[in-house]
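Participant: So here's my_file-v2.cif (mmCIF, C-alpha atoms).
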```
data_start
loop_
_atom_site.label_atom_id
_atom_site.label_comp_id
_atom_site.auth_asym_id
_atom_site.auth_seq_id
_atom_site.Cartn_x
_atom_site.Cartn_y
_atom_site.Cartn_z
CA MET A 294 34.94 -54.94 -13.07
CA PHE A 295 31.61 -53.14 -12.61
CA SER A 296 32.16 -49.43 -11.96
CA GLY A 297 28.65 -48.71 -10.68
CA THR A 298 27.63 -46.86 -13.85
CA ASN A 299 24.58 -48.26 -15.61
CA VAL A 300 23.81 -45.41 -17.99
CA ILE A 301 25.98 -42.88 -19.81
CA LEU A 302 24.22 -39.74 -20.97
CA THR A 303 26.14 -38.04 -23.77
CA THR A 304 25.22 -34.44 -24.41
CA ASN A 305 26.72 -31.00 -24.93
CA ASN A 306 23.52 -29.37 -23.70
CA GLU A 307 23.53 -28.39 -20.02
CA ALA A 308 19.75 -28.00 -20.05
CA ILE A 309 19.32 -31.69 -20.92
CA VAL A 310 21.53 -32.67 -18.00
CA GLY A 311 19.31 -30.81 -15.56
CA LEU A 312 16.17 -32.15 -17.22
CA LEU A 313 17.06 -35.83 -17.17
CA SER A 314 19.61 -36.52 -14.46
CA SER A 315 17.14 -36.27 -11.58
CA GLU A 316 14.86 -38.81 -13.29
CA LEU A 317 17.45 -41.26 -14.57
CA VAL A 318 19.27 -41.72 -11.28
CA GLN A 319 16.03 -43.16 -9.88
CA LEU A 320 15.70 -45.82 -12.59
CA ARG A 321 15.61 -48.82 -10.27
CA ASN A 322 17.20 -47.39 -7.13
CA ILE A 323 20.36 -49.33 -7.95
CA ASP A 324 21.18 -47.64 -11.27
CA SER A 325 23.52 -44.72 -11.65
CA ILE A 326 24.13 -42.25 -14.46
CA LEU A 327 27.33 -40.71 -15.80
CA ILE A 328 27.18 -37.43 -17.75
CA ARG A 329 29.74 -37.01 -20.54
CA ASN A 330 30.21 -34.79 -23.57
CA TYR A 331 30.89 -36.11 -27.07
CA GLN A 332 34.67 -35.97 -26.67
CA ASP A 333 34.83 -37.95 -23.42
CA THR A 334 32.15 -40.57 -24.07
CA LEU A 335 34.32 -43.15 -25.81
CA SER A 336 36.83 -43.43 -22.97
CA ALA A 337 33.95 -43.61 -20.48
CA VAL A 338 32.41 -46.52 -22.40
CA GLU A 339 35.73 -48.39 -22.34
CA ASN A 340 36.38 -47.76 -18.65
CA ASP A 341 32.92 -47.86 -17.06
CA LYS A 342 31.24 -50.65 -19.09
CA PRO A 343 27.70 -49.14 -19.05
CA GLN A 344 24.51 -51.13 -19.61
CA ALA A 345 22.92 -48.45 -21.82
CA ILE A 346 23.98 -45.23 -23.54
CA ILE A 347 21.81 -42.19 -24.27
CA ILE A 348 23.17 -39.82 -26.93
CA ASN A 349 21.54 -36.42 -27.23
CA CYS A 350 21.76 -34.83 -30.69
CA GLN A 351 20.67 -31.18 -30.62
CA ASN A 352 20.89 -30.09 -34.26
CA SER A 353 22.21 -30.86 -37.74
CA ILE A 354 25.68 -29.63 -36.77
CA GLU A 355 25.99 -32.43 -34.21
CA GLU A 356 24.61 -35.16 -36.51
CA PRO A 357 27.98 -36.14 -38.11
CA LEU A 358 29.63 -36.20 -34.68
CA CYS A 359 26.79 -38.32 -33.34
CA LEU A 360 27.01 -40.87 -36.17
CA ASP A 361 30.76 -41.12 -35.79
CA LEU A 362 30.38 -41.70 -32.06
CA ILE A 363 27.73 -44.41 -32.55
CA GLU A 364 29.96 -46.30 -35.01
CA LYS A 365 32.95 -46.13 -32.65
CA ILE A 366 30.87 -47.30 -29.67
CA LYS A 367 29.56 -50.27 -31.65
CA LYS A 368 33.15 -51.38 -32.29
CA ILE A 369 33.70 -51.52 -28.53
CA THR A 370 30.42 -52.85 -27.15
CA SER A 371 26.96 -54.02 -28.20
CA VAL A 372 25.03 -52.32 -25.39
CA PRO A 373 21.79 -50.53 -26.40
CA ILE A 374 22.15 -46.96 -27.66
CA ILE A 375 19.17 -44.60 -27.34
CA LEU A 376 19.23 -41.63 -29.66
CA LEU A 377 17.60 -38.58 -28.09
CA VAL A 378 16.85 -35.90 -30.71
CA GLU A 379 15.51 -32.39 -30.36
CA ASN A 380 14.62 -31.99 -34.05
CA TYR A 381 13.46 -35.15 -35.84
CA ASN A 382 15.33 -35.67 -39.13
CA PRO A 383 14.08 -38.88 -40.85
CA GLN A 384 17.18 -39.28 -43.03
CA PHE A 385 19.51 -38.87 -40.06
CA VAL A 386 17.49 -41.35 -38.00
CA ARG A 387 17.63 -43.95 -40.82
CA ILE A 388 21.42 -43.63 -41.03
CA ALA A 389 21.70 -43.83 -37.24
CA ASN A 390 19.55 -46.96 -37.24
CA LYS A 391 21.93 -48.61 -39.71
CA ALA A 392 24.84 -47.53 -37.55
CA GLY A 393 23.38 -49.51 -34.64
CA ILE A 394 21.05 -47.51 -32.39
CA SER A 395 18.45 -49.50 -30.46
CA ASP A 396 15.82 -46.79 -30.06
CA VAL A 397 15.08 -43.16 -30.96
CA LEU A 398 12.85 -40.66 -29.21
CA SER A 399 12.27 -36.93 -29.03
CA VAL A 400 13.03 -34.68 -26.10
CA GLN A 401 9.45 -33.51 -26.41
CA PHE A 402 8.22 -36.94 -25.29
CA GLY A 403 8.94 -35.94 -21.72
CA ASN A 404 10.83 -37.42 -18.81
CA SER A 405 8.48 -40.34 -18.17
CA GLU A 406 8.80 -41.65 -21.74
CA ILE A 407 12.58 -41.30 -21.71
CA LEU A 408 12.76 -43.04 -18.35
CA MET A 409 10.57 -45.91 -19.56
CA ARG A 410 12.58 -46.40 -22.75
CA THR A 411 15.81 -46.39 -20.78
CA ILE A 412 14.51 -49.07 -18.43
CA TRP A 413 13.46 -51.15 -21.45
CA SER A 414 16.97 -50.81 -22.87
CA LEU A 415 18.50 -51.94 -19.59
CA GLN A 416 16.19 -54.95 -19.52
CA LYS A 417 17.02 -55.73 -23.15
CA ASN A 418 20.72 -55.67 -22.35
CA GLU A 419 20.21 -57.99 -19.38
CA MET A 420 18.35 -60.45 -21.61
CA ARG A 421 21.12 -60.24 -24.19
CA GLN A 422 23.75 -60.96 -21.54
CA ARG A 423 21.74 -63.94 -20.31
CA HIS A 424 21.37 -65.21 -23.88
CA LYS A 425 25.14 -64.94 -24.41
CA LYS A 426 25.75 -67.05 -21.29
CA TYR A 427 23.36 -69.75 -22.49
CA GLU A 428 24.90 -69.68 -25.96
CA LYS A 429 28.39 -70.03 -24.51
CA LEU A 430 27.24 -73.04 -22.49
CA LEU A 431 25.69 -74.67 -25.57
CA ILE A 432 28.92 -74.12 -27.50
CA GLN A 433 30.88 -75.79 -24.69
CA LEU A 434 28.46 -78.74 -24.81
CA ASN A 435 28.97 -78.97 -28.60
CA ALA A 436 25.30 -78.21 -29.22
CA ILE A 437 26.05 -75.06 -31.25
CA ASN A 438 28.77 -74.65 -33.84
CA PRO A 439 30.67 -71.49 -32.80
CA ASN A 440 31.63 -70.74 -36.41
CA THR A 441 28.10 -70.76 -37.82
CA GLY A 442 25.75 -70.34 -34.87
CA PHE A 443 23.77 -73.36 -36.16
CA TYR A 444 22.86 -76.34 -34.02
CA THR A 445 25.12 -79.33 -34.52
CA ALA A 446 24.02 -82.72 -35.81
CA LYS A 447 24.64 -84.18 -32.35
CA TYR A 448 21.79 -82.19 -30.78
CA GLY A 449 19.80 -81.12 -33.84
CA ASN A 450 17.12 -83.78 -33.42
CA LYS A 451 16.52 -82.89 -29.77
CA VAL A 452 16.32 -79.18 -30.56
CA PHE A 453 13.85 -79.73 -33.41
CA GLN A 454 11.71 -82.00 -31.24
CA ASN A 455 11.61 -79.32 -28.55
CA GLU A 456 10.54 -76.72 -31.15
CA ILE A 457 7.82 -79.03 -32.51
CA ASP A 458 6.48 -79.65 -29.00
CA TYR A 459 6.35 -75.89 -28.41
CA LEU A 460 4.44 -75.31 -31.67
CA ASN A 461 1.95 -78.05 -30.85
CA GLU A 462 1.42 -76.80 -27.29
CA ASN A 463 0.66 -73.30 -28.60
CA ASN A 464 -1.35 -74.46 -31.61
CA MET A 465 1.08 -72.79 -34.03
CA SER A 466 1.94 -73.80 -37.58
CA GLY A 467 5.44 -74.47 -38.83
CA MET A 468 7.40 -75.50 -41.90
CA PHE A 469 10.66 -77.33 -42.55
CA ILE A 470 13.03 -76.37 -45.34
CA ALA A 471 15.79 -78.84 -46.11
CA LEU A 472 18.43 -77.87 -48.65
CA GLU A 473 21.74 -79.01 -50.02
CA PRO A 474 23.99 -78.21 -53.02
CA ASN A 475 22.89 -79.24 -56.49
CA GLU A 476 25.69 -81.43 -57.79
CA ASN A 477 24.71 -80.65 -61.39
CA SER A 478 24.88 -76.86 -61.11
CA ARG A 479 27.45 -75.03 -63.20
CA LEU A 480 29.34 -74.12 -60.04
CA LYS A 481 28.91 -76.24 -56.94
CA PRO A 482 27.83 -74.02 -54.02
CA SER A 483 30.38 -73.98 -51.24
CA THR A 484 29.37 -74.69 -47.67
CA GLU A 485 30.46 -71.17 -46.71
CA ASN A 486 28.17 -69.60 -49.34
CA ILE A 487 25.20 -71.68 -48.21
CA ILE A 488 25.76 -70.80 -44.56
CA GLU A 489 26.02 -67.10 -45.38
CA ALA A 490 22.89 -67.18 -47.56
CA ILE A 491 20.88 -68.90 -44.82
CA LYS A 492 22.05 -66.54 -42.05
CA ASN A 493 21.15 -63.45 -44.09
CA ASN A 494 17.66 -64.63 -45.05
CA VAL A 495 16.09 -66.16 -41.94
CA ARG A 496 14.72 -64.69 -38.73
CA SER A 497 16.62 -64.80 -35.47
CA THR A 498 13.84 -67.04 -34.10
CA ASP A 499 14.23 -69.67 -36.84
CA THR A 500 16.01 -72.90 -35.90
CA ILE A 501 18.83 -74.17 -38.13
CA SER A 502 20.88 -77.33 -37.99
CA HIS A 503 23.77 -78.63 -40.07
CA THR A 504 22.74 -82.29 -40.29
CA ARG A 505 24.75 -85.49 -40.33
CA LEU A 506 24.37 -85.59 -44.10
CA GLN A 507 27.20 -83.69 -45.76
CA ASN A 508 26.27 -80.07 -46.57
CA THR A 509 22.57 -80.65 -45.79
CA PHE A 510 20.79 -78.03 -43.70
CA PHE A 511 17.42 -78.18 -41.93
CA ILE A 512 15.57 -74.93 -41.22
CA LEU A 513 12.50 -74.86 -38.98
CA LEU A 514 10.29 -71.83 -39.61
CA ALA A 515 7.90 -71.30 -36.71
CA ASN A 516 4.50 -69.69 -37.25
CA THR A 517 4.93 -69.91 -41.04
CA ASN A 518 2.82 -71.35 -43.86
CA LEU A 519 3.82 -72.72 -47.27
CA LYS A 520 3.85 -69.32 -48.94
CA GLY A 521 6.16 -67.94 -46.25
CA ALA A 522 8.48 -70.93 -46.63
CA MET A 523 8.59 -70.31 -50.39
CA VAL A 524 9.66 -66.72 -49.76
CA VAL A 525 12.58 -67.93 -47.61
CA TRP A 526 13.52 -70.58 -50.19
CA ASN A 527 13.54 -68.03 -53.03
CA ARG A 528 15.58 -65.53 -51.03
CA ILE A 529 18.23 -68.10 -50.15
CA ASN A 530 18.49 -69.18 -53.79
CA LYS A 531 18.75 -65.57 -54.93
CA ALA A 532 21.56 -65.00 -52.42
CA ILE A 533 23.40 -68.08 -53.69
CA GLY A 534 23.30 -66.81 -57.28
CA ALA A 535 22.33 -68.15 -60.69
CA ASP A 536 25.50 -70.20 -61.24
CA GLU A 537 25.25 -72.04 -57.92
CA THR A 538 21.96 -73.85 -57.37
CA LEU A 539 20.42 -75.75 -54.48
CA CYS A 540 18.08 -78.71 -54.20
CA GLY A 541 15.55 -78.85 -51.43
CA CYS A 542 12.34 -79.98 -49.86
CA ILE A 543 9.60 -78.08 -48.05
CA HIS A 544 7.63 -80.06 -45.51
CA GLU A 545 4.82 -79.00 -43.21
CA ILE A 546 5.09 -79.88 -39.52
CA ASN A 547 2.21 -82.31 -39.30
CA CYS A 548 3.05 -84.74 -36.49
CA GLU A 549 4.60 -84.79 -33.06
CA LYS A 550 7.70 -86.88 -33.77
CA PHE A 551 10.64 -85.34 -35.59
CA GLU A 552 12.08 -88.76 -36.45
CA GLU A 553 9.02 -89.50 -38.60
CA MET A 554 9.27 -86.20 -40.43
CA GLU A 555 13.02 -86.54 -40.88
CA GLU A 556 12.62 -89.63 -43.08
CA GLU A 557 9.98 -87.88 -45.18
CA ILE A 558 12.20 -84.81 -45.53
CA LYS A 559 15.22 -86.86 -46.60
CA ASN A 560 13.13 -88.63 -49.22
CA GLY A 561 11.83 -85.23 -50.32
CA ILE A 562 15.38 -83.96 -50.92
CA VAL A 563 16.04 -86.92 -53.21
CA LYS A 564 12.87 -86.07 -55.15
CA GLY A 565 13.95 -82.44 -55.22
CA HIS A 566 17.10 -83.43 -57.12
CA ASN A 567 14.89 -85.01 -59.79
CA SER A 568 12.41 -82.13 -59.97
CA PRO A 569 12.62 -79.49 -62.74
CA GLU A 570 12.33 -76.80 -60.04
CA LEU A 571 14.93 -78.59 -57.87
CA LEU A 572 12.37 -78.41 -55.07
CA TYR A 573 9.97 -81.00 -53.73
CA ILE A 574 6.94 -79.92 -51.72
CA SER A 575 5.41 -82.64 -49.55
CA GLU A 576 1.82 -83.70 -50.20
CA THR A 577 0.67 -82.36 -46.83
CA SER A 578 2.00 -78.93 -47.68
CA SER A 579 0.72 -78.74 -51.24
CA SER A 580 -2.71 -80.13 -50.37
CA ASN A 581 -3.49 -76.94 -48.48
CA ASN A 582 -3.05 -75.03 -51.74
CA ASP A 583 -5.09 -77.17 -54.13
CA ASN A 584 -7.68 -74.41 -54.22
CA TRP A 585 -5.23 -72.52 -56.41
CA LEU A 586 -6.32 -74.85 -59.21
CA GLU A 587 -9.98 -73.99 -58.71
CA THR A 588 -9.76 -70.18 -58.70
CA GLU A 589 -8.55 -67.51 -61.05
CA SER A 590 -6.13 -66.10 -58.49
CA ILE A 591 -3.22 -67.86 -60.23
CA ILE A 592 -3.18 -65.24 -62.96
CA THR A 593 -2.97 -62.22 -60.67
CA ASP A 594 0.26 -60.29 -60.19
CA GLU A 595 0.40 -61.30 -56.53
CA ASN A 596 0.71 -65.00 -57.35
CA HIS A 597 2.72 -64.61 -60.55
CA LYS A 598 5.98 -65.20 -58.70
CA ASP A 599 4.62 -68.47 -57.35
CA PHE A 600 4.22 -70.06 -60.79
CA LYS A 601 6.84 -72.71 -60.12
CA LEU A 602 5.02 -73.71 -56.97
CA PHE A 603 1.72 -73.81 -58.88
CA ARG A 604 3.22 -75.94 -61.65
CA GLN A 605 4.50 -78.48 -59.17
CA ILE A 606 1.13 -78.69 -57.42
CA PHE A 607 -0.65 -78.90 -60.77
CA THR A 608 1.62 -81.76 -61.88
CA LYS A 609 0.91 -83.66 -58.68
CA LYS A 610 -2.80 -83.15 -59.11
CA LEU A 611 -2.63 -84.52 -62.66
CA GLU A 612 -0.73 -87.55 -61.38
CA ASN A 613 -3.36 -88.15 -58.73
CA VAL A 614 -6.23 -87.89 -61.24
CA ILE A 615 -4.86 -89.27 -64.53
CA LYS A 616 -2.43 -91.93 -63.34
CA PRO A 617 -5.09 -94.12 -61.70
CA VAL A 618 -7.28 -93.89 -64.82
CA ILE A 619 -4.44 -94.98 -67.09
CA GLN A 620 -3.55 -97.80 -64.74
CA ASN A 621 -7.17 -99.00 -64.75
CA LEU A 622 -7.17 -99.01 -68.57
CA VAL A 623 -3.91 -100.97 -68.63
CA ASP A 624 -5.32 -103.53 -66.22
CA GLU A 625 -8.58 -103.77 -68.18
CA TYR A 626 -7.00 -104.35 -71.58
CA GLU A 627 -3.92 -106.27 -70.50
CA ASP A 628 -5.50 -109.68 -71.03
CA VAL A 629 -7.10 -108.63 -74.31
CA LEU A 630 -3.83 -107.34 -75.74
CA THR A 631 -2.01 -110.47 -74.61
#
```
For this file, write the structure as structure tokens.
Facilitator:
Amino acid sequence: MFSGTNVILTTNNEAIVGLLSSELVQLRNIDSILIRNYQDTLSAVENDKPQAIIINCQNSIEEPLCLDLIEKIKKITSVPIILLVENYNPQFVRIANKAGISDVLSVQFGNSEILMRTIWSLQKNEMRQRHKKYEKLLIQLNAINPNTGFYTAKYGNKVFQNEIDYLNENNMSGMFIALEPNENSRLKPSTENIIEAIKNNVRSTDTISHTRLQNTFFILLANTNLKGAMVVWNRINKAIGADETLCGCIHEINCEKFEEMEEEIKNGIVKGHNSPELLYISETSSSNNDNWLETESIITDENHKDFKLFRQIFTKKLENVIKPVIQNLVDEYEDVLT
């Protein structure tokens, strides 16, 4: 039940209370503030269910207490925590960021800045709550797998089509990565390992679906080019490990119908299994990088890590140039040899 408290201000400094309380109570005319010290904050968070928490850390003596409090709050709730410091300590702020704070600012910024950041945190929490409601609804409709957070095969096609329409409407680029376990690897990657590797190496805005094909995953990377897709592919493979390998395909979003791309992507996965790099890059994607073959940039340190990608493009280019010539020679001399 809502207690009427929107913000908890945690501080052992009476001067801060007088400085901020008059401003914060006027956040949006409907918001209220509760002042607590370090010892009483945890029980207040459990009982009052605030929408944002401001923790004031005065000095290095309070830093361990502050970090401990942040970690305990995060075990109870995911509401935004604003760290308000009087002396900026970069190392302390980095540790606090890992512990789960949403924002950090100095007392010297003034009341207006603190007020604005607090309002932003309240708005962020409202958006998060709304997102949780939508996610719960999608789980109930069997559109999202509650165990993975990925879209299910039942609705994957509709979700991808919606994403493609959005990219086209906003004139944005996008790439597909499709991946599945390599059956010939020394150790076959488990579905759990693949899911974990994907979740830890994509953005929250990327769209992922566990397809109807067993252990095959589609990842849509919005506003991404081939080089960016290669970075994601390499990171996922690194997370899987050397003994467990994946096969995959990278395909550029180049048309408006997902069904058309889906067939090309599935064929690309099959080719990926037969590729030395265990990765197939569609012609539309690699064609944008043919200029690599015409410049000296391939020998620079920046592109050294992309040698596998270069080799695959180079092989395709050779096939496009040499194969027709050989075929013409075969046709020309076939009758003579016979």
Participant: Expressed in Å to a single decimal, how great is the separation between atom CA of A:Asp396 and atom CA of A:Ser414?
Facilitator: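 Interatomic distance here is 8.3 Å.
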Participant: Hey, what comes out of the PyMOL selection byres ((chain A and resi 379) around 6) on this file? Could you write it as a list of chain:residue names?
Facilitator: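 After applying the PyMOL selection byres ((chain A and resi 379) around 6), what remains is A:Gln351, A:Val378, A:Asn380, A:Ser399, A:Val400.
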Participant: Give the answer as one residue: which of A:Glu555, A:Cys540, A:Leu362, A:Ala446 has the shortest atom-to-atom distance to A:Pro569, using all atoms listed in the file?
Facilitator: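 Closest candidate: A:Cys540.
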Participant: Closest to A:Arg421 among A:Gln433, A:Gln344, A:Asn493, A:Asn486, using only C-alpha atoms?
Facilitator: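 So, comparing all the options, the nearest one is A:Gln344.
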Participant: Would you work out the distance separating atom CA of A:Leu431 from atom CA of A:Tyr459, expressed in Å to one decimal?
Facilitator: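 Taking atom CA of A:Leu431 and atom CA of A:Tyr459, their separation equals 19.6 Å.
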